[in-house]
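Chemist: What follows is my_file-v6.cif, made up of mmCIF, N, CA and C atoms:
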```cif
data_protein
#
loop_
_atom_site.label_atom_id
_atom_site.label_comp_id
_atom_site.auth_asym_id
_atom_site.auth_seq_id
_atom_site.Cartn_x
_atom_site.Cartn_y
_atom_site.Cartn_z
N MET A 4 -12.97 12.58 36.24
CA MET A 4 -13.56 13.70 36.96
C MET A 4 -12.78 14.98 36.70
N MET A 5 -11.44 14.89 36.74
CA MET A 5 -10.63 16.08 36.49
C MET A 5 -10.83 16.55 35.05
N ARG A 6 -10.95 15.58 34.14
CA ARG A 6 -11.18 15.95 32.74
C ARG A 6 -12.50 16.70 32.59
N ARG A 7 -13.53 16.25 33.32
CA ARG A 7 -14.83 16.90 33.28
C ARG A 7 -14.75 18.32 33.85
N SER A 8 -14.02 18.51 34.96
CA SER A 8 -13.85 19.84 35.55
C SER A 8 -13.10 20.76 34.60
N LEU A 9 -12.08 20.22 33.95
CA LEU A 9 -11.32 21.02 32.98
C LEU A 9 -12.21 21.43 31.82
N LEU A 10 -13.01 20.50 31.32
CA LEU A 10 -13.92 20.81 30.22
C LEU A 10 -14.94 21.87 30.66
N HIS A 11 -15.47 21.74 31.87
CA HIS A 11 -16.42 22.73 32.39
C HIS A 11 -15.74 24.10 32.46
N GLY A 12 -14.52 24.15 32.93
CA GLY A 12 -13.77 25.42 33.02
C GLY A 12 -13.57 26.04 31.65
N ILE A 13 -13.21 25.22 30.68
CA ILE A 13 -13.00 25.71 29.32
C ILE A 13 -14.31 26.24 28.74
N LEU A 14 -15.39 25.52 28.96
CA LEU A 14 -16.69 25.96 28.43
C LEU A 14 -17.15 27.24 29.10
N THR A 15 -16.89 27.39 30.41
CA THR A 15 -17.25 28.62 31.10
C THR A 15 -16.47 29.80 30.54
N LEU A 16 -15.17 29.60 30.30
CA LEU A 16 -14.36 30.66 29.70
C LEU A 16 -14.85 30.99 28.29
N ALA A 17 -15.23 29.97 27.54
CA ALA A 17 -15.73 30.21 26.18
C ALA A 17 -17.04 30.99 26.23
N ALA A 18 -17.89 30.68 27.20
CA ALA A 18 -19.15 31.42 27.33
C ALA A 18 -18.88 32.86 27.71
N ALA A 19 -17.92 33.08 28.60
CA ALA A 19 -17.56 34.45 28.97
C ALA A 19 -17.02 35.21 27.76
N ALA A 20 -16.23 34.52 26.93
CA ALA A 20 -15.73 35.16 25.71
C ALA A 20 -16.88 35.51 24.78
N ALA A 21 -17.90 34.66 24.75
CA ALA A 21 -19.06 34.94 23.89
C ALA A 21 -19.81 36.17 24.34
N ILE A 22 -19.91 36.38 25.65
CA ILE A 22 -20.61 37.57 26.14
C ILE A 22 -19.85 38.82 25.75
N VAL A 23 -18.52 38.75 25.77
CA VAL A 23 -17.71 39.89 25.34
C VAL A 23 -17.90 40.10 23.84
N ALA A 24 -18.02 39.03 23.08
CA ALA A 24 -18.21 39.14 21.63
C ALA A 24 -19.54 39.79 21.29
N LEU A 25 -20.53 39.69 22.18
CA LEU A 25 -21.82 40.33 21.93
C LEU A 25 -21.74 41.85 22.08
N ALA A 26 -20.75 42.33 22.81
CA ALA A 26 -20.61 43.77 23.03
C ALA A 26 -20.12 44.44 21.76
N PRO A 27 -20.46 45.71 21.57
CA PRO A 27 -19.97 46.40 20.40
C PRO A 27 -18.47 46.57 20.44
N PRO A 28 -17.81 46.76 19.28
CA PRO A 28 -16.37 46.93 19.26
C PRO A 28 -15.94 48.15 20.07
N GLY A 29 -14.71 48.11 20.55
CA GLY A 29 -14.17 49.25 21.28
C GLY A 29 -14.21 49.06 22.77
N GLY A 30 -14.37 47.84 23.23
CA GLY A 30 -14.30 47.58 24.65
C GLY A 30 -15.67 47.41 25.27
N PRO A 31 -15.69 47.19 26.58
CA PRO A 31 -16.96 46.95 27.25
C PRO A 31 -17.87 48.17 27.16
N ALA A 32 -19.16 47.89 27.04
CA ALA A 32 -20.14 48.98 26.89
C ALA A 32 -21.16 48.92 28.01
N ARG A 33 -20.75 48.53 29.20
CA ARG A 33 -21.69 48.41 30.32
C ARG A 33 -22.46 49.71 30.46
N ALA A 34 -23.73 49.65 30.17
CA ALA A 34 -24.65 50.76 30.32
C ALA A 34 -24.19 52.02 29.60
N GLN A 35 -23.36 51.87 28.57
CA GLN A 35 -22.89 53.02 27.80
C GLN A 35 -24.08 53.75 27.19
N GLY A 36 -24.30 54.98 27.63
CA GLY A 36 -25.41 55.77 27.12
C GLY A 36 -26.76 55.37 27.66
N ALA A 37 -26.79 54.36 28.53
CA ALA A 37 -28.06 53.88 29.05
C ALA A 37 -28.55 54.78 30.17
N ASP A 38 -29.86 54.91 30.25
CA ASP A 38 -30.50 55.66 31.32
C ASP A 38 -30.51 54.77 32.56
N PRO A 39 -29.92 55.21 33.67
CA PRO A 39 -29.92 54.39 34.89
C PRO A 39 -31.33 54.02 35.35
N ALA A 40 -32.31 54.85 35.06
CA ALA A 40 -33.69 54.52 35.43
C ALA A 40 -34.19 53.31 34.64
N VAL A 41 -33.73 53.18 33.39
CA VAL A 41 -34.12 52.04 32.55
C VAL A 41 -33.44 50.77 33.05
N THR A 42 -32.13 50.83 33.25
CA THR A 42 -31.42 49.62 33.68
C THR A 42 -31.85 49.19 35.08
N ALA A 43 -32.26 50.14 35.92
CA ALA A 43 -32.72 49.79 37.27
C ALA A 43 -34.00 48.96 37.21
N VAL A 44 -34.89 49.25 36.26
CA VAL A 44 -36.13 48.48 36.11
C VAL A 44 -35.79 47.04 35.73
N ILE A 45 -34.89 46.87 34.79
CA ILE A 45 -34.49 45.53 34.37
C ILE A 45 -33.81 44.80 35.52
N ASP A 46 -32.91 45.48 36.22
CA ASP A 46 -32.24 44.87 37.37
C ASP A 46 -33.24 44.45 38.44
N ARG A 47 -34.26 45.29 38.71
CA ARG A 47 -35.28 44.94 39.70
C ARG A 47 -36.02 43.67 39.28
N GLN A 48 -36.33 43.57 37.98
CA GLN A 48 -37.04 42.38 37.55
C GLN A 48 -36.15 41.14 37.65
N LEU A 49 -34.89 41.25 37.25
CA LEU A 49 -33.99 40.11 37.35
C LEU A 49 -33.80 39.69 38.81
N ASP A 50 -33.66 40.67 39.70
CA ASP A 50 -33.55 40.36 41.13
C ASP A 50 -34.80 39.66 41.64
N ALA A 51 -35.97 40.11 41.18
CA ALA A 51 -37.23 39.49 41.59
C ALA A 51 -37.33 38.07 41.06
N PHE A 52 -36.91 37.84 39.82
CA PHE A 52 -36.90 36.47 39.28
C PHE A 52 -36.02 35.59 40.16
N ARG A 53 -34.83 36.08 40.47
CA ARG A 53 -33.86 35.32 41.26
C ARG A 53 -34.44 34.98 42.64
N ALA A 54 -35.15 35.93 43.24
CA ALA A 54 -35.72 35.74 44.58
C ALA A 54 -37.05 34.99 44.56
N GLY A 55 -37.59 34.74 43.37
CA GLY A 55 -38.89 34.08 43.29
C GLY A 55 -40.04 34.98 43.68
N ASP A 56 -39.83 36.30 43.57
CA ASP A 56 -40.86 37.28 43.94
C ASP A 56 -41.67 37.65 42.70
N ARG A 57 -42.73 36.89 42.46
CA ARG A 57 -43.57 37.07 41.27
C ARG A 57 -44.16 38.47 41.18
N ASN A 58 -44.63 38.98 42.30
CA ASN A 58 -45.28 40.28 42.29
C ASN A 58 -44.31 41.40 41.94
N ALA A 59 -43.11 41.37 42.49
CA ALA A 59 -42.11 42.40 42.17
C ALA A 59 -41.69 42.30 40.71
N ALA A 60 -41.56 41.09 40.18
CA ALA A 60 -41.20 40.92 38.77
C ALA A 60 -42.32 41.46 37.87
N TYR A 61 -43.54 41.13 38.21
CA TYR A 61 -44.72 41.55 37.45
C TYR A 61 -44.88 43.07 37.47
N ALA A 62 -44.52 43.69 38.58
CA ALA A 62 -44.66 45.14 38.72
C ALA A 62 -43.78 45.92 37.74
N GLN A 63 -42.74 45.28 37.19
CA GLN A 63 -41.84 45.95 36.25
C GLN A 63 -42.37 45.89 34.81
N ALA A 64 -43.43 45.13 34.60
CA ALA A 64 -44.00 44.95 33.26
C ALA A 64 -44.93 46.10 32.91
N ALA A 65 -44.88 46.51 31.65
CA ALA A 65 -45.74 47.58 31.14
C ALA A 65 -47.19 47.11 31.07
N PRO A 66 -48.11 48.05 30.99
CA PRO A 66 -49.53 47.70 30.92
C PRO A 66 -49.89 46.71 29.81
N ASN A 67 -49.23 46.80 28.64
CA ASN A 67 -49.55 45.86 27.55
C ASN A 67 -49.21 44.42 27.94
N ILE A 68 -48.15 44.22 28.70
CA ILE A 68 -47.79 42.88 29.16
C ILE A 68 -48.75 42.42 30.25
N GLN A 69 -49.07 43.33 31.17
CA GLN A 69 -49.99 42.97 32.25
C GLN A 69 -51.39 42.67 31.70
N ALA A 70 -51.78 43.30 30.60
CA ALA A 70 -53.08 43.01 29.99
C ALA A 70 -53.09 41.59 29.39
N ARG A 71 -51.97 41.18 28.83
CA ARG A 71 -51.87 39.83 28.24
C ARG A 71 -51.77 38.74 29.30
N PHE A 72 -51.16 39.10 30.44
CA PHE A 72 -50.97 38.16 31.55
C PHE A 72 -51.53 38.84 32.80
N PRO A 73 -52.83 38.68 33.06
CA PRO A 73 -53.52 39.52 34.05
C PRO A 73 -53.18 39.25 35.52
N ASN A 74 -52.27 38.34 35.80
CA ASN A 74 -51.81 38.19 37.19
C ASN A 74 -50.37 37.70 37.21
N ALA A 75 -49.74 37.84 38.36
CA ALA A 75 -48.32 37.52 38.49
C ALA A 75 -48.04 36.04 38.24
N GLY A 76 -48.96 35.17 38.59
CA GLY A 76 -48.77 33.74 38.35
C GLY A 76 -48.69 33.40 36.88
N LEU A 77 -49.62 33.92 36.09
CA LEU A 77 -49.60 33.69 34.64
C LEU A 77 -48.35 34.29 34.01
N PHE A 78 -47.97 35.48 34.47
CA PHE A 78 -46.77 36.14 33.97
C PHE A 78 -45.54 35.25 34.23
N MET A 79 -45.41 34.74 35.45
CA MET A 79 -44.23 33.92 35.76
C MET A 79 -44.24 32.60 35.00
N THR A 80 -45.40 32.04 34.76
CA THR A 80 -45.46 30.82 33.94
C THR A 80 -44.91 31.10 32.55
N MET A 81 -45.30 32.23 31.97
CA MET A 81 -44.79 32.63 30.66
C MET A 81 -43.26 32.80 30.71
N VAL A 82 -42.76 33.47 31.74
CA VAL A 82 -41.31 33.68 31.86
C VAL A 82 -40.59 32.33 31.99
N GLU A 83 -41.08 31.47 32.85
CA GLU A 83 -40.44 30.16 33.06
C GLU A 83 -40.43 29.32 31.79
N GLN A 84 -41.49 29.41 30.98
CA GLN A 84 -41.59 28.60 29.77
C GLN A 84 -40.81 29.18 28.59
N GLY A 85 -40.77 30.51 28.48
CA GLY A 85 -40.16 31.09 27.29
C GLY A 85 -38.94 31.96 27.51
N TYR A 86 -38.67 32.29 28.77
CA TYR A 86 -37.57 33.23 29.07
C TYR A 86 -36.72 32.75 30.23
N SER A 87 -36.57 31.44 30.38
CA SER A 87 -35.84 30.89 31.51
C SER A 87 -34.39 31.39 31.64
N PRO A 88 -33.70 31.78 30.56
CA PRO A 88 -32.34 32.32 30.74
C PRO A 88 -32.30 33.57 31.62
N LEU A 89 -33.44 34.26 31.76
CA LEU A 89 -33.48 35.47 32.59
C LEU A 89 -33.62 35.16 34.08
N ILE A 90 -33.89 33.91 34.40
CA ILE A 90 -34.05 33.53 35.80
C ILE A 90 -32.70 33.08 36.34
N GLY A 91 -32.11 33.91 37.16
CA GLY A 91 -30.83 33.58 37.80
C GLY A 91 -29.63 33.50 36.88
N PRO A 92 -29.44 34.48 35.98
CA PRO A 92 -28.24 34.41 35.14
C PRO A 92 -26.97 34.54 35.97
N LYS A 93 -25.89 33.93 35.46
CA LYS A 93 -24.59 34.00 36.15
C LYS A 93 -23.94 35.36 35.95
N ALA A 94 -24.17 36.00 34.80
CA ALA A 94 -23.55 37.28 34.50
C ALA A 94 -24.45 38.06 33.56
N THR A 95 -24.45 39.38 33.73
CA THR A 95 -25.19 40.27 32.82
C THR A 95 -24.33 41.48 32.52
N ASP A 96 -24.56 42.08 31.37
CA ASP A 96 -23.83 43.28 30.98
C ASP A 96 -24.72 44.10 30.05
N PHE A 97 -25.12 45.30 30.50
CA PHE A 97 -25.93 46.16 29.64
C PHE A 97 -25.07 46.70 28.51
N LEU A 98 -25.67 46.76 27.33
CA LEU A 98 -25.01 47.28 26.14
C LEU A 98 -25.64 48.62 25.79
N ALA A 99 -25.12 49.28 24.77
CA ALA A 99 -25.63 50.59 24.36
C ALA A 99 -27.07 50.46 23.88
N PRO A 100 -27.96 51.32 24.36
CA PRO A 100 -29.37 51.26 23.96
C PRO A 100 -29.61 51.84 22.58
N THR A 101 -30.77 51.50 22.03
CA THR A 101 -31.21 52.07 20.76
C THR A 101 -32.49 52.86 21.00
N PRO A 102 -32.42 54.19 20.98
CA PRO A 102 -33.63 54.99 21.15
C PRO A 102 -34.55 54.83 19.95
N LEU A 103 -35.85 54.71 20.19
CA LEU A 103 -36.83 54.63 19.12
C LEU A 103 -37.66 55.91 19.04
N SER A 104 -37.88 56.51 20.20
CA SER A 104 -38.59 57.79 20.32
C SER A 104 -38.26 58.34 21.70
N ALA A 105 -38.88 59.45 22.07
CA ALA A 105 -38.62 60.02 23.39
C ALA A 105 -39.10 59.09 24.51
N ASP A 106 -40.09 58.25 24.20
CA ASP A 106 -40.69 57.40 25.23
C ASP A 106 -40.51 55.91 24.99
N ARG A 107 -39.69 55.53 24.01
CA ARG A 107 -39.47 54.11 23.71
C ARG A 107 -38.02 53.89 23.34
N LEU A 108 -37.47 52.78 23.82
CA LEU A 108 -36.11 52.42 23.44
C LEU A 108 -35.93 50.92 23.59
N VAL A 109 -34.87 50.42 22.96
CA VAL A 109 -34.49 49.02 23.13
C VAL A 109 -33.20 49.03 23.95
N GLN A 110 -33.24 48.34 25.09
CA GLN A 110 -32.06 48.23 25.97
C GLN A 110 -31.53 46.80 25.87
N PRO A 111 -30.43 46.61 25.13
CA PRO A 111 -29.88 45.26 25.03
C PRO A 111 -29.01 44.90 26.24
N MET A 112 -28.93 43.63 26.50
CA MET A 112 -28.12 43.13 27.59
C MET A 112 -27.54 41.78 27.18
N ALA A 113 -26.25 41.61 27.36
CA ALA A 113 -25.62 40.30 27.16
C ALA A 113 -25.71 39.57 28.49
N LEU A 114 -25.93 38.25 28.43
CA LEU A 114 -25.99 37.49 29.67
C LEU A 114 -25.50 36.07 29.48
N ILE A 115 -25.07 35.50 30.60
CA ILE A 115 -24.74 34.08 30.67
C ILE A 115 -25.79 33.46 31.57
N ASP A 116 -26.52 32.47 31.04
CA ASP A 116 -27.59 31.87 31.83
C ASP A 116 -27.03 30.92 32.89
N SER A 117 -27.91 30.35 33.68
CA SER A 117 -27.48 29.48 34.78
C SER A 117 -26.80 28.20 34.29
N GLN A 118 -26.96 27.88 33.01
CA GLN A 118 -26.33 26.71 32.41
C GLN A 118 -25.01 27.05 31.71
N GLY A 119 -24.63 28.34 31.73
CA GLY A 119 -23.38 28.75 31.11
C GLY A 119 -23.50 29.12 29.64
N ARG A 120 -24.71 29.24 29.12
CA ARG A 120 -24.91 29.60 27.71
C ARG A 120 -25.03 31.12 27.58
N ALA A 121 -24.50 31.64 26.48
CA ALA A 121 -24.53 33.09 26.23
C ALA A 121 -25.79 33.46 25.44
N TRP A 122 -26.37 34.62 25.83
CA TRP A 122 -27.58 35.14 25.22
C TRP A 122 -27.47 36.64 25.07
N ARG A 123 -28.33 37.19 24.23
CA ARG A 123 -28.55 38.63 24.15
C ARG A 123 -30.04 38.83 24.39
N ALA A 124 -30.36 39.67 25.37
CA ALA A 124 -31.75 40.02 25.65
C ALA A 124 -31.96 41.44 25.16
N GLU A 125 -33.00 41.66 24.37
CA GLU A 125 -33.32 43.00 23.88
C GLU A 125 -34.65 43.41 24.51
N TYR A 126 -34.56 44.31 25.49
CA TYR A 126 -35.73 44.77 26.23
C TYR A 126 -36.37 45.96 25.53
N ALA A 127 -37.66 45.84 25.21
CA ALA A 127 -38.44 46.98 24.71
C ALA A 127 -38.91 47.72 25.95
N MET A 128 -38.50 48.99 26.05
CA MET A 128 -38.81 49.79 27.23
C MET A 128 -39.74 50.94 26.84
N GLU A 129 -40.71 51.23 27.70
CA GLU A 129 -41.67 52.32 27.47
C GLU A 129 -41.72 53.23 28.68
N ARG A 130 -41.64 54.53 28.42
CA ARG A 130 -41.84 55.50 29.49
C ARG A 130 -43.34 55.64 29.72
N GLN A 131 -43.73 55.59 30.99
CA GLN A 131 -45.12 55.68 31.38
C GLN A 131 -45.52 57.15 31.59
N ALA A 132 -46.81 57.40 31.71
CA ALA A 132 -47.32 58.77 31.89
C ALA A 132 -46.72 59.45 33.11
N ASP A 133 -46.37 58.67 34.14
CA ASP A 133 -45.78 59.25 35.35
C ASP A 133 -44.26 59.46 35.23
N GLY A 134 -43.70 59.14 34.05
CA GLY A 134 -42.27 59.32 33.82
C GLY A 134 -41.43 58.09 34.11
N SER A 135 -42.01 57.08 34.73
CA SER A 135 -41.26 55.86 35.03
C SER A 135 -41.13 55.01 33.75
N TRP A 136 -40.20 54.06 33.78
CA TRP A 136 -40.00 53.13 32.67
C TRP A 136 -40.54 51.77 33.06
N LYS A 137 -41.10 51.05 32.08
CA LYS A 137 -41.58 49.69 32.28
C LYS A 137 -41.12 48.83 31.10
N ILE A 138 -41.07 47.53 31.33
CA ILE A 138 -40.66 46.58 30.30
C ILE A 138 -41.88 46.21 29.47
N ALA A 139 -41.84 46.53 28.16
CA ALA A 139 -42.95 46.28 27.26
C ALA A 139 -42.75 45.03 26.42
N GLY A 140 -41.64 44.35 26.61
CA GLY A 140 -41.36 43.13 25.88
C GLY A 140 -39.88 42.79 25.97
N CYS A 141 -39.55 41.58 25.59
CA CYS A 141 -38.15 41.15 25.58
C CYS A 141 -37.97 40.09 24.52
N ARG A 142 -36.90 40.23 23.78
CA ARG A 142 -36.55 39.23 22.77
C ARG A 142 -35.22 38.61 23.20
N LEU A 143 -35.17 37.29 23.26
CA LEU A 143 -33.94 36.57 23.59
C LEU A 143 -33.33 36.00 22.33
N ILE A 144 -32.03 36.19 22.19
CA ILE A 144 -31.30 35.67 21.05
C ILE A 144 -30.14 34.85 21.59
N ARG A 145 -30.09 33.60 21.23
CA ARG A 145 -29.00 32.71 21.68
C ARG A 145 -27.74 33.07 20.94
N ALA A 146 -26.65 33.26 21.67
CA ALA A 146 -25.36 33.52 21.06
C ALA A 146 -24.83 32.22 20.47
N PRO A 147 -24.11 32.30 19.36
CA PRO A 147 -23.56 31.07 18.79
C PRO A 147 -22.60 30.41 19.76
N ASP A 148 -22.61 29.08 19.75
CA ASP A 148 -21.67 28.35 20.58
C ASP A 148 -20.25 28.64 20.10
N PRO A 149 -19.36 29.00 21.03
CA PRO A 149 -17.99 29.27 20.61
C PRO A 149 -17.28 27.98 20.21
N SER A 150 -16.36 28.11 19.28
CA SER A 150 -15.54 26.97 18.87
C SER A 150 -14.46 26.76 19.92
N VAL A 151 -14.30 25.52 20.35
CA VAL A 151 -13.28 25.21 21.35
C VAL A 151 -12.25 24.31 20.74
#
```
Can I see the file as structure tokens?

Modeler:
Amino acid sequence: MMRRSLLHGILTLAAAAAIVALAPPGGPARAQGADPAVTAVIDRQLDAFRAGDRNAAYAQAAPNIQARFPNAGLFMTMVEQGYSPLIGPKATDFLAPTPLSADRLVQPMALIDSQGRAWRAEYAMERQADGSWKIAGCRLIRAPDPSV
């Protein structure tokens, strides 16, 4: 049992090291250059996932996503099947964004999922006609398993 706890502790530390490795060189980049309005949308969706609030999570999605998944139930089924690392992550860290245009950017985020695995989420963000930001897509990339 103690050996298992020690192994779990080592793996958790290795996963934390992997999240740091996902950050750009030069130290932590938590929201470096990121628009707080953009990161707030992502945080609201992650909080809604954690709370099981389908409607609040769905409300953060851009019209193109809502058109593909016309109700909160279908949207959450898609998230649960293809984006489960975003549901209740243990740790998240916003990285420097990549602007694509005045109304589009990619906001990356390093995260540790509920199982202790490291990921990078790349959120496609779109500014809406009212000036608000919405999530237009997300790509998840599994971080390589660290060598122990």

Chemist: Tell me which residues the PyMOL selection byres ((chain A and resi 40-52) around 8) grabs here, as a compact mmCIF listing (two decimals) with N, CA and C atoms, in the frame of the given file.

Modeler:
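As written to disk, result-v6.txt reads:
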```txt
# COMPACT_ATOMS: atom_id res chain seq x y z
N ALA A 34 -23.73 49.65 30.17
CA ALA A 34 -24.65 50.76 30.32
C ALA A 34 -24.19 52.02 29.60
N ALA A 37 -26.79 54.36 28.53
CA ALA A 37 -28.06 53.88 29.05
C ALA A 37 -28.55 54.78 30.17
N ASP A 38 -29.86 54.91 30.25
CA ASP A 38 -30.50 55.66 31.32
C ASP A 38 -30.51 54.77 32.56
N PRO A 39 -29.92 55.21 33.67
CA PRO A 39 -29.92 54.39 34.89
C PRO A 39 -31.33 54.02 35.35
N ARG A 53 -34.83 36.08 40.47
CA ARG A 53 -33.86 35.32 41.26
C ARG A 53 -34.44 34.98 42.64
N ALA A 54 -35.15 35.93 43.24
CA ALA A 54 -35.72 35.74 44.58
C ALA A 54 -37.05 34.99 44.56
N GLY A 55 -37.59 34.74 43.37
CA GLY A 55 -38.89 34.08 43.29
C GLY A 55 -40.04 34.98 43.68
N ASP A 56 -39.83 36.30 43.57
CA ASP A 56 -40.86 37.28 43.94
C ASP A 56 -41.67 37.65 42.70
N ARG A 57 -42.73 36.89 42.46
CA ARG A 57 -43.57 37.07 41.27
C ARG A 57 -44.16 38.47 41.18
N ASN A 58 -44.63 38.98 42.30
CA ASN A 58 -45.28 40.28 42.29
C ASN A 58 -44.31 41.40 41.94
N ALA A 59 -43.11 41.37 42.49
CA ALA A 59 -42.11 42.40 42.17
C ALA A 59 -41.69 42.30 40.71
N ALA A 60 -41.56 41.09 40.18
CA ALA A 60 -41.20 40.92 38.77
C ALA A 60 -42.32 41.46 37.87
N TYR A 61 -43.54 41.13 38.21
CA TYR A 61 -44.72 41.55 37.45
C TYR A 61 -44.88 43.07 37.47
N ALA A 62 -44.52 43.69 38.58
CA ALA A 62 -44.66 45.14 38.72
C ALA A 62 -43.78 45.92 37.74
N GLN A 63 -42.74 45.28 37.19
CA GLN A 63 -41.84 45.95 36.25
C GLN A 63 -42.37 45.89 34.81
N ALA A 64 -43.43 45.13 34.60
CA ALA A 64 -44.00 44.95 33.26
C ALA A 64 -44.93 46.10 32.91
N LEU A 89 -33.44 34.26 31.76
CA LEU A 89 -33.48 35.47 32.59
C LEU A 89 -33.62 35.16 34.08
N ILE A 90 -33.89 33.91 34.40
CA ILE A 90 -34.05 33.53 35.80
C ILE A 90 -32.70 33.08 36.34
N GLY A 91 -32.11 33.91 37.16
CA GLY A 91 -30.83 33.58 37.80
C GLY A 91 -29.63 33.50 36.88
N PRO A 92 -29.44 34.48 35.98
CA PRO A 92 -28.24 34.41 35.14
C PRO A 92 -26.97 34.54 35.97
N PHE A 97 -25.12 45.30 30.50
CA PHE A 97 -25.93 46.16 29.64
C PHE A 97 -25.07 46.70 28.51
N GLN A 110 -33.24 48.34 25.09
CA GLN A 110 -32.06 48.23 25.97
C GLN A 110 -31.53 46.80 25.87
N MET A 128 -38.50 48.99 26.05
CA MET A 128 -38.81 49.79 27.23
C MET A 128 -39.74 50.94 26.84
N SER A 135 -42.01 57.08 34.73
CA SER A 135 -41.26 55.86 35.03
C SER A 135 -41.13 55.01 33.75
N TRP A 136 -40.20 54.06 33.78
CA TRP A 136 -40.00 53.13 32.67
C TRP A 136 -40.54 51.77 33.06
N LYS A 137 -41.10 51.05 32.08
CA LYS A 137 -41.58 49.69 32.28
C LYS A 137 -41.12 48.83 31.10
N ILE A 138 -41.07 47.53 31.33
CA ILE A 138 -40.66 46.58 30.30
C ILE A 138 -41.88 46.21 29.47
```

Chemist: Please return, as a list in words, all polymer residues that have at least one atom within 5 Å of the point (-25.6, 40.6, 27.6); use all atoms listed in the file and the file's own coordinate frame.

Modeler: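 Neighbouring residues, ordered by chain and number, come to Asp96, Met112, Ala113, Leu114 and Arg123 of chain A.
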
Chemist: If you count only N, CA and C atoms, which residues fall within 5 Å of A:Asp116, apart from same-chain ones fewer than 2 positions away, as JSON, numbers by chain?

Modeler: {"A": [88, 92, 93, 114, 118, 119, 120]}

Chemist: Just N, CA and C atoms for this one: save the residues we selected as a PDB file, in the frame of the given file.

Modeler:
```pdb
ATOM      1  N   PRO A  88     -33.700  31.780  30.560  1.00  0.00           N
ATOM      2  CA  PRO A  88     -32.340  32.320  30.740  1.00  0.00           C
ATOM      3  C   PRO A  88     -32.300  33.570  31.620  1.00  0.00           C
ATOM      4  N   PRO A  92     -29.440  34.480  35.980  1.00  0.00           N
ATOM      5  CA  PRO A  92     -28.240  34.410  35.140  1.00  0.00           C
ATOM      6  C   PRO A  92     -26.970  34.540  35.970  1.00  0.00           C
ATOM      7  N   LYS A  93     -25.890  33.930  35.460  1.00  0.00           N
ATOM      8  CA  LYS A  93     -24.590  34.000  36.150  1.00  0.00           C
ATOM      9  C   LYS A  93     -23.940  35.360  35.950  1.00  0.00           C
ATOM     10  N   LEU A 114     -25.930  38.250  28.430  1.00  0.00           N
ATOM     11  CA  LEU A 114     -25.990  37.490  29.670  1.00  0.00           C
ATOM     12  C   LEU A 114     -25.500  36.070  29.480  1.00  0.00           C
ATOM     13  N   GLN A 118     -26.960  27.880  33.010  1.00  0.00           N
ATOM     14  CA  GLN A 118     -26.330  26.710  32.410  1.00  0.00           C
ATOM     15  C   GLN A 118     -25.010  27.050  31.710  1.00  0.00           C
ATOM     16  N   GLY A 119     -24.630  28.340  31.730  1.00  0.00           N
ATOM     17  CA  GLY A 119     -23.380  28.750  31.110  1.00  0.00           C
ATOM     18  C   GLY A 119     -23.500  29.120  29.640  1.00  0.00           C
ATOM     19  N   ARG A 120     -24.710  29.240  29.120  1.00  0.00           N
ATOM     20  CA  ARG A 120     -24.910  29.600  27.710  1.00  0.00           C
ATOM     21  C   ARG A 120     -25.030  31.120  27.580  1.00  0.00           C
TER      22      ARG A 120
END
```

Chemist: Which residue gives the smallest distance to A:Thr95 among A:Gln131, A:Thr80, A:Ser117, A:Asn74, with only C-alpha atoms counted?

Modeler: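 Smallest separation from A:Thr95 among the options: A:Ser117.
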
Chemist: Determine the nearest neighbour of A:Gln69 from the options A:Ile115, A:Val109, A:Ala124, A:Met81, counting only C-alpha atoms.

Modeler: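 Of A:Ile115, A:Val109, A:Ala124, A:Met81, the one nearest A:Gln69, counting only C-alpha atoms, is A:Met81.
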
Chemist: What's the separation between atom CA of A:Ala139 and atom CA of A:Ile68, in Å to one decimal place?

Modeler: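 Value for the atom CA of A:Ala139-atom CA of A:Ile68 distance: 6.2 Å.
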
Chemist: To one decimal place in Å, what is the distance between atom N of A:Glu125 and atom N of A:Arg107?

Modeler: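 So the answer is 15.4 Å.
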
Chemist: Quote the spacing between atom N of A:Trp122 and atom N of A:Gly36 in Å to one decimal place.

Modeler: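 Distance reported for this atom pair: 20.5 Å.
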